[in-house]
$ cat coords-v9.pdb   # PDB, N, CA and C atoms
ATOM      1  N   MET A   1     112.520  61.764  89.557
ATOM      2  CA  MET A   1     111.435  60.966  89.047
ATOM      3  C   MET A   1     110.442  60.616  90.157
ATOM      4  N   VAL A   2     110.941  60.533  91.377
ATOM      5  CA  VAL A   2     110.052  60.233  92.498
ATOM      6  C   VAL A   2     109.047  61.377  92.683
ATOM      7  N   GLY A   3     109.506  62.610  92.537
ATOM      8  CA  GLY A   3     108.610  63.761  92.667
ATOM      9  C   GLY A   3     107.509  63.738  91.629
ATOM     10  N   VAL A   4     107.852  63.368  90.400
ATOM     11  CA  VAL A   4     106.853  63.276  89.336
ATOM     12  C   VAL A   4     105.828  62.207  89.681
ATOM     13  N   SER A   5     106.291  61.051  90.125
ATOM     14  CA  SER A   5     105.388  59.947  90.454
ATOM     15  C   SER A   5     104.467  60.289  91.616
ATOM     16  N   VAL A   6     105.026  60.887  92.649
ATOM     17  CA  VAL A   6     104.221  61.238  93.821
ATOM     18  C   VAL A   6     103.182  62.297  93.471
ATOM     19  N   CYS A   7     103.574  63.312  92.732
ATOM     20  CA  CYS A   7     102.629  64.361  92.336
ATOM     21  C   CYS A   7     101.533  63.810  91.434
ATOM     22  N   ALA A   8     101.893  62.900  90.531
ATOM     23  CA  ALA A   8     100.887  62.305  89.648
ATOM     24  C   ALA A   8      99.899  61.459  90.437
ATOM     25  N   LEU A   9     100.376  60.700  91.399
ATOM     26  CA  LEU A   9      99.487  59.870  92.213
ATOM     27  C   LEU A   9      98.558  60.728  93.064
ATOM     28  N   ILE A  10      99.097  61.737  93.702
ATOM     29  CA  ILE A  10      98.274  62.609  94.550
ATOM     30  C   ILE A  10      97.273  63.384  93.699
ATOM     31  N   SER A  11      97.668  63.819  92.503
ATOM     32  CA  SER A  11      96.725  64.550  91.653
ATOM     33  C   SER A  11      95.603  63.639  91.172
ATOM     34  N   ALA A  12      95.880  62.363  90.946
ATOM     35  CA  ALA A  12      94.817  61.419  90.589
ATOM     36  C   ALA A  12      93.838  61.254  91.744
ATOM     37  N   LEU A  13      94.345  61.220  92.964
ATOM     38  CA  LEU A  13      93.467  61.113  94.136
ATOM     39  C   LEU A  13      92.634  62.381  94.322
ATOM     40  N   VAL A  14      93.230  63.540  94.099
ATOM     41  CA  VAL A  14      92.504  64.812  94.201
ATOM     42  C   VAL A  14      91.422  64.882  93.128
ATOM     43  N   ASN A  15      91.750  64.443  91.921
ATOM     44  CA  ASN A  15      90.768  64.435  90.841
ATOM     45  C   ASN A  15      89.601  63.501  91.173
ATOM     46  N   SER A  16      89.901  62.363  91.766
ATOM     47  CA  SER A  16      88.857  61.426  92.170
ATOM     48  C   SER A  16      87.955  62.035  93.244
ATOM     49  N   GLU A  17      88.547  62.737  94.184
ATOM     50  CA  GLU A  17      87.775  63.425  95.224
ATOM     51  C   GLU A  17      86.884  64.500  94.608
ATOM     52  N   MET A  18      87.408  65.203  93.621
ATOM     53  CA  MET A  18      86.630  66.236  92.946
ATOM     54  C   MET A  18      85.429  65.616  92.228
ATOM     55  N   VAL A  19      85.633  64.484  91.565
ATOM     56  CA  VAL A  19      84.541  63.783  90.883
ATOM     57  C   VAL A  19      83.475  63.363  91.896
ATOM     58  N   ASP A  20      83.899  62.826  93.030
ATOM     59  CA  ASP A  20      82.947  62.405  94.062
ATOM     60  C   ASP A  20      82.125  63.583  94.576
ATOM     61  N   GLN A  21      82.770  64.705  94.830
ATOM     62  CA  GLN A  21      82.044  65.869  95.342
ATOM     63  C   GLN A  21      81.072  66.419  94.309
ATOM     64  N   VAL A  22      81.504  66.518  93.059
ATOM     65  CA  VAL A  22      80.631  67.053  92.010
ATOM     66  C   VAL A  22      79.476  66.098  91.747
ATOM     67  N   ASN A  23      79.757  64.799  91.672
ATOM     68  CA  ASN A  23      78.692  63.827  91.429
ATOM     69  C   ASN A  23      77.659  63.807  92.556
ATOM     70  N   GLY A  24      78.078  64.158  93.753
ATOM     71  CA  GLY A  24      77.152  64.208  94.876
ATOM     72  C   GLY A  24      76.108  65.304  94.736
ATOM     73  N   ARG A  25      76.372  66.303  93.922
ATOM     74  CA  ARG A  25      75.443  67.423  93.756
ATOM     75  C   ARG A  25      74.750  67.464  92.397
ATOM     76  N   LEU A  26      75.197  66.643  91.465
ATOM     77  CA  LEU A  26      74.598  66.652  90.132
ATOM     78  C   LEU A  26      73.493  65.605  90.022
ATOM     79  N   PRO A  27      72.503  65.859  89.158
ATOM     80  CA  PRO A  27      71.494  64.823  88.896
ATOM     81  C   PRO A  27      72.149  63.598  88.249
ATOM     82  N   LYS A  28      71.493  62.469  88.349
ATOM     83  CA  LYS A  28      72.063  61.196  87.888
ATOM     84  C   LYS A  28      72.486  61.236  86.421
ATOM     85  N   HIS A  29      71.704  61.868  85.561
ATOM     86  CA  HIS A  29      72.007  61.862  84.137
ATOM     87  C   HIS A  29      73.172  62.789  83.761
ATOM     88  N   MET A  30      73.612  63.652  84.670
ATOM     89  CA  MET A  30      74.715  64.573  84.387
ATOM     90  C   MET A  30      76.002  64.198  85.112
ATOM     91  N   GLN A  31      75.986  63.123  85.891
ATOM     92  CA  GLN A  31      77.153  62.754  86.678
ATOM     93  C   GLN A  31      78.292  62.247  85.799
ATOM     94  N   PHE A  32      79.503  62.350  86.330
ATOM     95  CA  PHE A  32      80.717  61.958  85.620
ATOM     96  C   PHE A  32      81.033  60.497  85.893
ATOM     97  N   SER A  33      81.350  59.781  84.839
ATOM     98  CA  SER A  33      81.812  58.404  84.975
ATOM     99  C   SER A  33      83.289  58.438  85.380
ATOM    100  N   PRO A  34      83.714  57.543  86.257
ATOM    101  CA  PRO A  34      85.122  57.573  86.670
ATOM    102  C   PRO A  34      86.085  57.060  85.594
ATOM    103  N   LEU A  35      85.582  56.493  84.523
ATOM    104  CA  LEU A  35      86.440  55.959  83.469
ATOM    105  C   LEU A  35      86.333  56.809  82.201
ATOM    106  N   GLY A  36      87.358  56.750  81.371
ATOM    107  CA  GLY A  36      87.330  57.393  80.069
ATOM    108  C   GLY A  36      87.530  58.892  80.094
ATOM    109  N   TRP A  37      88.646  59.355  80.667
ATOM    110  CA  TRP A  37      88.897  60.794  80.766
ATOM    111  C   TRP A  37      89.584  61.310  79.519
ATOM    112  N   TYR A  38      89.146  62.457  79.062
ATOM    113  CA  TYR A  38      89.750  63.164  77.947
ATOM    114  C   TYR A  38      89.649  64.651  78.249
ATOM    115  N   LEU A  39      90.248  65.490  77.418
ATOM    116  CA  LEU A  39      90.396  66.909  77.729
ATOM    117  C   LEU A  39      89.059  67.612  77.960
ATOM    118  N   LEU A  40      88.097  67.443  77.073
ATOM    119  CA  LEU A  40      86.823  68.159  77.221
ATOM    120  C   LEU A  40      86.053  67.722  78.467
ATOM    121  N   LYS A  41      86.138  66.442  78.802
ATOM    122  CA  LYS A  41      85.478  65.949  80.008
ATOM    123  C   LYS A  41      86.139  66.528  81.259
ATOM    124  N   THR A  42      87.454  66.613  81.246
ATOM    125  CA  THR A  42      88.188  67.192  82.370
ATOM    126  C   THR A  42      87.855  68.664  82.535
ATOM    127  N   LEU A  43      87.802  69.397  81.419
ATOM    128  CA  LEU A  43      87.448  70.823  81.487
ATOM    129  C   LEU A  43      86.024  71.014  81.988
ATOM    130  N   ARG A  44      85.114  70.131  81.592
ATOM    131  CA  ARG A  44      83.735  70.206  82.086
ATOM    132  C   ARG A  44      83.672  69.937  83.599
ATOM    133  N   LEU A  45      84.470  68.972  84.070
ATOM    134  CA  LEU A  45      84.541  68.696  85.505
ATOM    135  C   LEU A  45      85.036  69.926  86.255
ATOM    136  N   HIS A  46      86.079  70.552  85.756
ATOM    137  CA  HIS A  46      86.622  71.742  86.424
ATOM    138  C   HIS A  46      85.605  72.877  86.425
ATOM    139  N   ARG A  47      84.880  73.037  85.331
ATOM    140  CA  ARG A  47      83.851  74.083  85.252
ATOM    141  C   ARG A  47      82.721  73.810  86.244
ATOM    142  N   GLU A  48      82.283  72.560  86.323
ATOM    143  CA  GLU A  48      81.214  72.199  87.269
ATOM    144  C   GLU A  48      81.687  72.347  88.714
ATOM    145  N   TYR A  49      82.938  71.982  88.970
ATOM    146  CA  TYR A  49      83.460  72.125  90.334
ATOM    147  C   TYR A  49      83.483  73.591  90.748
ATOM    148  N   ARG A  50      83.953  74.476  89.861
ATOM    149  CA  ARG A  50      83.969  75.915  90.171
ATOM    150  C   ARG A  50      82.560  76.449  90.383
ATOM    151  N   ARG A  51      81.593  75.947  89.598
ATOM    152  CA  ARG A  51      80.216  76.415  89.726
ATOM    153  C   ARG A  51      79.593  75.932  91.042
ATOM    154  N   LEU A  52      79.811  74.676  91.389
ATOM    155  CA  LEU A  52      79.187  74.101  92.584
ATOM    156  C   LEU A  52      79.932  74.444  93.873
ATOM    157  N   PHE A  53      81.225  74.641  93.788
ATOM    158  CA  PHE A  53      82.056  74.929  94.957
ATOM    159  C   PHE A  53      82.910  76.166  94.676
ATOM    160  N   PRO A  54      82.335  77.345  94.707
ATOM    161  CA  PRO A  54      83.108  78.553  94.373
ATOM    162  C   PRO A  54      84.293  78.791  95.307
ATOM    163  N   ASP A  55      84.210  78.326  96.541
ATOM    164  CA  ASP A  55      85.310  78.494  97.491
ATOM    165  C   ASP A  55      86.111  77.205  97.672
ATOM    166  N   GLY A  56      85.903  76.235  96.770
ATOM    167  CA  GLY A  56      86.585  74.954  96.882
ATOM    168  C   GLY A  56      88.082  75.079  96.625
ATOM    169  N   HIS A  57      88.838  74.255  97.291
ATOM    170  CA  HIS A  57      90.292  74.327  97.203
ATOM    171  C   HIS A  57      90.900  73.208  96.361
ATOM    172  N   LEU A  58      90.109  72.239  95.929
ATOM    173  CA  LEU A  58      90.671  71.095  95.219
ATOM    174  C   LEU A  58      91.231  71.464  93.844
ATOM    175  N   LEU A  59      90.603  72.388  93.150
ATOM    176  CA  LEU A  59      91.091  72.783  91.828
ATOM    177  C   LEU A  59      92.449  73.480  91.937
ATOM    178  N   LEU A  60      92.603  74.338  92.928
ATOM    179  CA  LEU A  60      93.901  74.979  93.163
ATOM    180  C   LEU A  60      94.953  73.946  93.549
ATOM    181  N   GLN A  61      94.565  73.014  94.401
ATOM    182  CA  GLN A  61      95.487  71.963  94.820
ATOM    183  C   GLN A  61      95.918  71.121  93.613
ATOM    184  N   LEU A  62      94.985  70.806  92.734
ATOM    185  CA  LEU A  62      95.305  70.033  91.536
ATOM    186  C   LEU A  62      96.270  70.792  90.629
ATOM    187  N   ARG A  63      96.040  72.067  90.440
ATOM    188  CA  ARG A  63      96.915  72.872  89.591
ATOM    189  C   ARG A  63      98.319  72.994  90.181
ATOM    190  N   LEU A  64      98.414  73.138  91.488
ATOM    191  CA  LEU A  64      99.731  73.199  92.133
ATOM    192  C   LEU A  64     100.478  71.875  92.000
ATOM    193  N   LEU A  65      99.768  70.771  92.142
ATOM    194  CA  LEU A  65     100.407  69.461  91.990
ATOM    195  C   LEU A  65     100.924  69.262  90.569
ATOM    196  N   ILE A  66     100.158  69.686  89.583
ATOM    197  CA  ILE A  66     100.601  69.566  88.193
ATOM    198  C   ILE A  66     101.824  70.446  87.951
ATOM    199  N   ALA A  67     101.841  71.644  88.525
ATOM    200  CA  ALA A  67     102.997  72.526  88.387
ATOM    201  C   ALA A  67     104.235  71.910  89.046
ATOM    202  N   PHE A  68     104.074  71.340  90.243
ATOM    203  CA  PHE A  68     105.199  70.682  90.914
ATOM    204  C   PHE A  68     105.669  69.467  90.121
ATOM    205  N   MET A  69     104.731  68.754  89.511
ATOM    206  CA  MET A  69     105.084  67.586  88.718
ATOM    207  C   MET A  69     105.960  68.000  87.534
ATOM    208  N   PHE A  70     105.545  69.038  86.802
ATOM    209  CA  PHE A  70     106.352  69.483  85.674
ATOM    210  C   PHE A  70     107.668  70.105  86.132
ATOM    211  N   GLY A  71     107.664  70.773  87.262
ATOM    212  CA  GLY A  71     108.900  71.296  87.813
ATOM    213  C   GLY A  71     109.876  70.186  88.152
ATOM    214  N   SER A  72     109.384  69.126  88.766
ATOM    215  CA  SER A  72     110.235  67.969  89.087
ATOM    216  C   SER A  72     110.756  67.310  87.816
ATOM    217  N   LEU A  73     109.921  67.269  86.797
ATOM    218  CA  LEU A  73     110.353  66.688  85.532
ATOM    219  C   LEU A  73     111.460  67.519  84.902
ATOM    220  N   MET A  74     111.360  68.836  84.985
ATOM    221  CA  MET A  74     112.395  69.710  84.438
ATOM    222  C   MET A  74     113.702  69.546  85.213
ATOM    223  N   VAL A  75     113.624  69.451  86.531
ATOM    224  CA  VAL A  75     114.829  69.244  87.345
ATOM    225  C   VAL A  75     115.473  67.911  86.988
ATOM    226  N   CYS A  76     114.666  66.887  86.820
ATOM    227  CA  CYS A  76     115.188  65.565  86.449
ATOM    228  C   CYS A  76     115.857  65.622  85.074
ATOM    229  N   ALA A  77     115.217  66.271  84.118
ATOM    230  CA  ALA A  77     115.796  66.376  82.770
ATOM    231  C   ALA A  77     117.090  67.179  82.807
ATOM    232  N   TRP A  78     117.131  68.217  83.628
ATOM    233  CA  TRP A  78     118.337  69.043  83.725
ATOM    234  C   TRP A  78     119.499  68.255  84.329
ATOM    235  N   THR A  79     119.204  67.463  85.370
ATOM    236  CA  THR A  79     120.276  66.680  86.007
ATOM    237  C   THR A  79     120.775  65.571  85.107
ATOM    238  N   LEU A  80     119.930  65.097  84.209
ATOM    239  CA  LEU A  80     120.358  64.052  83.268
ATOM    240  C   LEU A  80     121.058  64.625  82.040
ATOM    241  N   GLY A  81     121.134  65.963  81.952
ATOM    242  CA  GLY A  81     121.889  66.595  80.896
ATOM    243  C   GLY A  81     121.111  66.907  79.631
ATOM    244  N   PHE A  82     119.813  66.970  79.704
ATOM    245  CA  PHE A  82     119.014  67.301  78.519
ATOM    246  C   PHE A  82     119.065  68.776  78.179
ATOM    247  N   PHE A  83     119.457  69.607  79.136
ATOM    248  CA  PHE A  83     119.519  71.062  78.891
ATOM    249  C   PHE A  83     120.945  71.539  78.976
TER
END

$ encode --input "coords-v9.pdb" --output "structure tokens"
Amino acid sequence: MVGVSVCALISALVNSEMVDQVNGRLPKHMQFSPLGWYLLKTLRLHREYRRLFPDGHLLLQLRLLIAFMFGSLMVCAWTLGFF
């Protein structure tokens, strides 16, 4: 469970960094609000990040953290006897 918590916290920080970088390059009326995240808004952020930072590493880092988070969750569920 510690792995899940740590990965979730770090991924939230990476997502916040991504918002800051994207908002720094977008006009004021197109910038992302830090509150009220939902799937379409997240996908739009990822699309804008790829467009503005084609060689950026934050999206890959975020995806790896999410994969590690789910991996840790599966290990935890397995040790508790769910499988």

$ residues_around --input "coords-v9.pdb" --residues "Ala8 in chain A" --least-positions-apart "6" --cutoff "8 Å" --atoms "all atoms listed in the file" --output "ChimeraX atom specification"
/A:2,14,65-66,68-69

$ residues_around --input "coords-v9.pdb" --residues "range 22-28 of chain A" --least-positions-apart "5" --cutoff "10 Å" --atoms "only C-alpha atoms" --output "JSON list (two decimals) with N, CA and C atoms, in the frame of the given file"
[["chain", "number", "residue", "atom", "x", "y", "z"],
["A", 16, "SER", "N", 89.90, 62.36, 91.77],
["A", 16, "SER", "CA", 88.86, 61.43, 92.17],
["A", 16, "SER", "C", 87.96, 62.04, 93.24],
["A", 17, "GLU", "N", 88.55, 62.74, 94.18],
["A", 17, "GLU", "CA", 87.78, 63.42, 95.22],
["A", 17, "GLU", "C", 86.88, 64.50, 94.61],
["A", 33, "SER", "N", 81.35, 59.78, 84.84],
["A", 33, "SER", "CA", 81.81, 58.40, 84.98],
["A", 33, "SER", "C", 83.29, 58.44, 85.38],
["A", 45, "LEU", "N", 84.47, 68.97, 84.07],
["A", 45, "LEU", "CA", 84.54, 68.70, 85.50],
["A", 45, "LEU", "C", 85.04, 69.93, 86.26],
["A", 46, "HIS", "N", 86.08, 70.55, 85.76],
["A", 46, "HIS", "CA", 86.62, 71.74, 86.42],
["A", 46, "HIS", "C", 85.60, 72.88, 86.42],
["A", 48, "GLU", "N", 82.28, 72.56, 86.32],
["A", 48, "GLU", "CA", 81.21, 72.20, 87.27],
["A", 48, "GLU", "C", 81.69, 72.35, 88.71],
["A", 49, "TYR", "N", 82.94, 71.98, 88.97],
["A", 49, "TYR", "CA", 83.46, 72.12, 90.33],
["A", 49, "TYR", "C", 83.48, 73.59, 90.75],
["A", 50, "ARG", "N", 83.95, 74.48, 89.86],
["A", 50, "ARG", "CA", 83.97, 75.92, 90.17],
["A", 50, "ARG", "C", 82.56, 76.45, 90.38],
["A", 51, "ARG", "N", 81.59, 75.95, 89.60],
["A", 51, "ARG", "CA", 80.22, 76.42, 89.73],
["A", 51, "ARG", "C", 79.59, 75.93, 91.04],
["A", 52, "LEU", "N", 79.81, 74.68, 91.39],
["A", 52, "LEU", "CA", 79.19, 74.10, 92.58],
["A", 52, "LEU", "C", 79.93, 74.44, 93.87],
["A", 53, "PHE", "N", 81.22, 74.64, 93.79],
["A", 53, "PHE", "CA", 82.06, 74.93, 94.96],
["A", 53, "PHE", "C", 82.91, 76.17, 94.68]]

$ axis_aligned_box --input "coords-v9.pdb" --around "range 59-68 of chain A" --padding-each-side "6 Å" --output "JSON"
{"center_x": 98.1, "center_y": 72.1, "center_z": 91.4, "size_x": 27.1, "size_y": 17.7, "size_z": 18.9}

$ atom_distance --input "coords-v9.pdb" --atom1 "atom C of Cys76 in chain A" --atom2 "CA of Ile10 in chain A"
20.2 Å

$ atom_distance --input "coords-v9.pdb" --atom1 "CA of Met74 in chain A" --atom2 "CA of Val19 in chain A"
29.2 Å

$ resolve_selection --input "coords-v9.pdb" --expression "the PyMOL selection byres (((chain A and resi 59 and name CA) around 9) and name CA)" --output "list in words"
Val14, Asn15, Met18, His46, Tyr49, Arg50, Gly56, His57, Leu58, Leu60, Gln61, Leu62, Arg63 and Leu64 of chain A

$ select_by_dssp --input "coords-v9.pdb" --residues "chain A" --states "alpha helix (DSSP H)" --output "PyMOL selection string"
chain A and resi 2-25+39-52+58-79

$ atom_distance --input "coords-v9.pdb" --atom1 "atom N of Phe83 in chain A" --atom2 "atom N of Ala12 in chain A"
27.3 Å

$ build_atoms --input "coords-v9.pdb" --residues "range 44-57 of chain A" --atoms "N, CA, C and O atoms" --output "compact mmCIF listing (two decimals), in the frame of the given file"
# COMPACT_ATOMS: atom_id res chain seq x y z
N ARG A 44 85.11 70.13 81.59
CA ARG A 44 83.74 70.21 82.09
C ARG A 44 83.67 69.94 83.60
O ARG A 44 82.95 70.61 84.33
N LEU A 45 84.47 68.97 84.07
CA LEU A 45 84.54 68.70 85.50
C LEU A 45 85.04 69.93 86.26
O LEU A 45 84.45 70.31 87.27
N HIS A 46 86.08 70.55 85.76
CA HIS A 46 86.62 71.74 86.42
C HIS A 46 85.60 72.88 86.42
O HIS A 46 85.45 73.58 87.43
N ARG A 47 84.88 73.04 85.33
CA ARG A 47 83.85 74.08 85.25
C ARG A 47 82.72 73.81 86.24
O ARG A 47 82.27 74.70 86.95
N GLU A 48 82.28 72.56 86.32
CA GLU A 48 81.21 72.20 87.27
C GLU A 48 81.69 72.35 88.71
O GLU A 48 80.93 72.78 89.57
N TYR A 49 82.94 71.98 88.97
CA TYR A 49 83.46 72.12 90.33
C TYR A 49 83.48 73.59 90.75
O TYR A 49 83.08 73.92 91.86
N ARG A 50 83.95 74.48 89.86
CA ARG A 50 83.97 75.92 90.17
C ARG A 50 82.56 76.45 90.38
O ARG A 50 82.33 77.31 91.23
N ARG A 51 81.59 75.95 89.60
CA ARG A 51 80.22 76.42 89.73
C ARG A 51 79.59 75.93 91.04
O ARG A 51 78.94 76.70 91.74
N LEU A 52 79.81 74.68 91.39
CA LEU A 52 79.19 74.10 92.58
C LEU A 52 79.93 74.44 93.87
O LEU A 52 79.32 74.50 94.94
N PHE A 53 81.22 74.64 93.79
CA PHE A 53 82.06 74.93 94.96
C PHE A 53 82.91 76.17 94.68
O PHE A 53 84.12 76.04 94.41
N PRO A 54 82.34 77.34 94.71
CA PRO A 54 83.11 78.55 94.37
C PRO A 54 84.29 78.79 95.31
O PRO A 54 85.29 79.38 94.89
N ASP A 55 84.21 78.33 96.54
CA ASP A 55 85.31 78.49 97.49
C ASP A 55 86.11 77.20 97.67
O ASP A 55 86.91 77.10 98.60
N GLY A 56 85.90 76.24 96.77
CA GLY A 56 86.58 74.95 96.88
C GLY A 56 88.08 75.08 96.62
O GLY A 56 88.53 75.90 95.84
N HIS A 57 88.84 74.26 97.29
CA HIS A 57 90.29 74.33 97.20
C HIS A 57 90.90 73.21 96.36
O HIS A 57 92.09 73.23 96.09
